[in-house]
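A short write-up of the structure that comes next.
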Amino acid sequence: MTRFSANLGFLWAELPLPDAIAAAARAGFAAVECHWPYDTPPSDVRAALEAASLEMLGLNTPRGRPGENGLAALPGREADARAAIDLAIAYAREVDCKAIHVMAGRAEGPIAEETYLRNIDYACRTAPDLTILIEPLNHR
């Protein structure tokens with residue numbers, strides 16, 4: 001049997017997150033993932049997931065300021081990156097989500113790479129029970 005996950009950052013994005021979860025279940029999806037659930041209390045998301053018999057496969061760390069698209073690789077923003085990682089870990093655990101995409105942000109160069117690797121290491125050490133994901137973006 002083929003199983004699909006609905007990315008609620010794209011599907012039913014106009015709905016409140018609990019309603020989008022219900023819509024995904026009605027459409028026959030087996031699971032969901034979302035970008036940034038943080039405006040919705042995790043208890044509401046967990047209740048919606050349980051009511052729909054769906055699991056949340058993954059979520060992202062917060063994006064940071066407009067245009068940053070993540071914080072983990074931004075030199076000088078290490079405290080903010082780790083706060084974002086901690087928030088994502090806590091949220092994921094509350095909704096029984098097993099994976100977090102640690103968003104790098106827009107940065108390049110060896111210092112950005114070192115910063116990113118340190119923050120990924122922090123995420124892995126802080127949450128050995130979760131899968132820490134990276135998602136390289138390439139415009140080519």
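Ligands are numbered from 1 in the order shown, chains are lettered A, B, ... in the order of the structure tokens, and residues start at 1 in each chain.
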
Skip A:Arg65 itself and residues of its chain fewer than 5 positions away, then list as JSON, numbers by chain all residues within 10 Å of it, counting only C-alpha atoms. {"A": [70, 71, 105]}

Could the residues in this selection be saved with N, CA and C atoms as a PDB file, in the first residue's frame?
```
ATOM      1  N   GLY A  70      15.790  30.757   8.211  1.00  0.00           N
ATOM      2  CA  GLY A  70      16.469  29.885   9.156  1.00  0.00           C
ATOM      3  C   GLY A  70      17.586  30.628   9.850  1.00  0.00           C
ATOM      4  N   LEU A  71      18.124  29.990  10.894  1.00  0.00           N
ATOM      5  CA  LEU A  71      19.116  30.657  11.729  1.00  0.00           C
ATOM      6  C   LEU A  71      20.403  29.868  11.940  1.00  0.00           C
ATOM      7  N   GLY A 105      19.293  28.965   6.991  1.00  0.00           N
ATOM      8  CA  GLY A 105      19.309  30.399   6.754  1.00  0.00           C
ATOM      9  C   GLY A 105      20.168  30.731   5.553  1.00  0.00           C
TER      10      GLY A 105
END
```

When you look at stretch 20-36 of chain A with a cut-off of 7 Å (counting only C-alpha atoms), what residues show up, excluding the ones that are within fewer than 3 positions of it in the same chain? I need them as an MDAnalysis selection string. chainID A and resid 3:9 12 15:17 48:49 52 54:60 62

In terms of only C-alpha atoms, the residue from A:Val95, A:Leu130, A:Val102, A:Ile85 at minimal distance from A:Pro42 is A:Val95

Would you please extract all strand (DSSP E) residues from chain A, as assigned by DSSP on the backbone, and give them as a PyMOL selection string? chain A and resi 5-7+31-33+55-56+59-60+99-101+131-133

Min atom-atom distance to A:Ala47 from the set A:Phe10, A:Glu94, A:Gly67, A:Asp129, counting only C-alpha atoms, belongs to A:Glu94

Determine, counting only C-alpha atoms, which protein, DNA and RNA residues have an atom within 7 Å of an atom of A:Pro75; residues of the same chain fewer than 4 positions away are not included. Present the result as a list in words.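 In the requested form, the answer reads Ile111, Ala112 and Thr115 of chain A.
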
Export all heavy atoms of the chosen residues as a PDB file, in the first residue's frame?
```
ATOM      1  N   ILE A 111      32.887  30.335   7.753  1.00  0.00           N
ATOM      2  CA  ILE A 111      32.384  30.631   9.102  1.00  0.00           C
ATOM      3  C   ILE A 111      30.922  30.217   9.213  1.00  0.00           C
ATOM      4  O   ILE A 111      30.501  29.649  10.231  1.00  0.00           O
ATOM      5  CB  ILE A 111      32.589  32.121   9.453  1.00  0.00           C
ATOM      6  CG1 ILE A 111      34.084  32.421   9.527  1.00  0.00           C
ATOM      7  CG2 ILE A 111      31.909  32.466  10.771  1.00  0.00           C
ATOM      8  CD1 ILE A 111      34.417  33.888   9.674  1.00  0.00           C
ATOM      9  N   ALA A 112      30.141  30.452   8.169  1.00  0.00           N
ATOM     10  CA  ALA A 112      28.739  30.024   8.162  1.00  0.00           C
ATOM     11  C   ALA A 112      28.654  28.496   8.235  1.00  0.00           C
ATOM     12  O   ALA A 112      27.816  27.947   8.962  1.00  0.00           O
ATOM     13  CB  ALA A 112      28.030  30.539   6.920  1.00  0.00           C
ATOM     14  N   THR A 115      29.456  27.415  11.768  1.00  0.00           N
ATOM     15  CA  THR A 115      28.321  27.760  12.634  1.00  0.00           C
ATOM     16  C   THR A 115      27.204  26.751  12.452  1.00  0.00           C
ATOM     17  O   THR A 115      26.621  26.259  13.431  1.00  0.00           O
ATOM     18  CB  THR A 115      27.824  29.185  12.303  1.00  0.00           C
ATOM     19  OG1 THR A 115      28.904  30.109  12.501  1.00  0.00           O
ATOM     20  CG2 THR A 115      26.642  29.583  13.175  1.00  0.00           C
TER      21      THR A 115
END
```
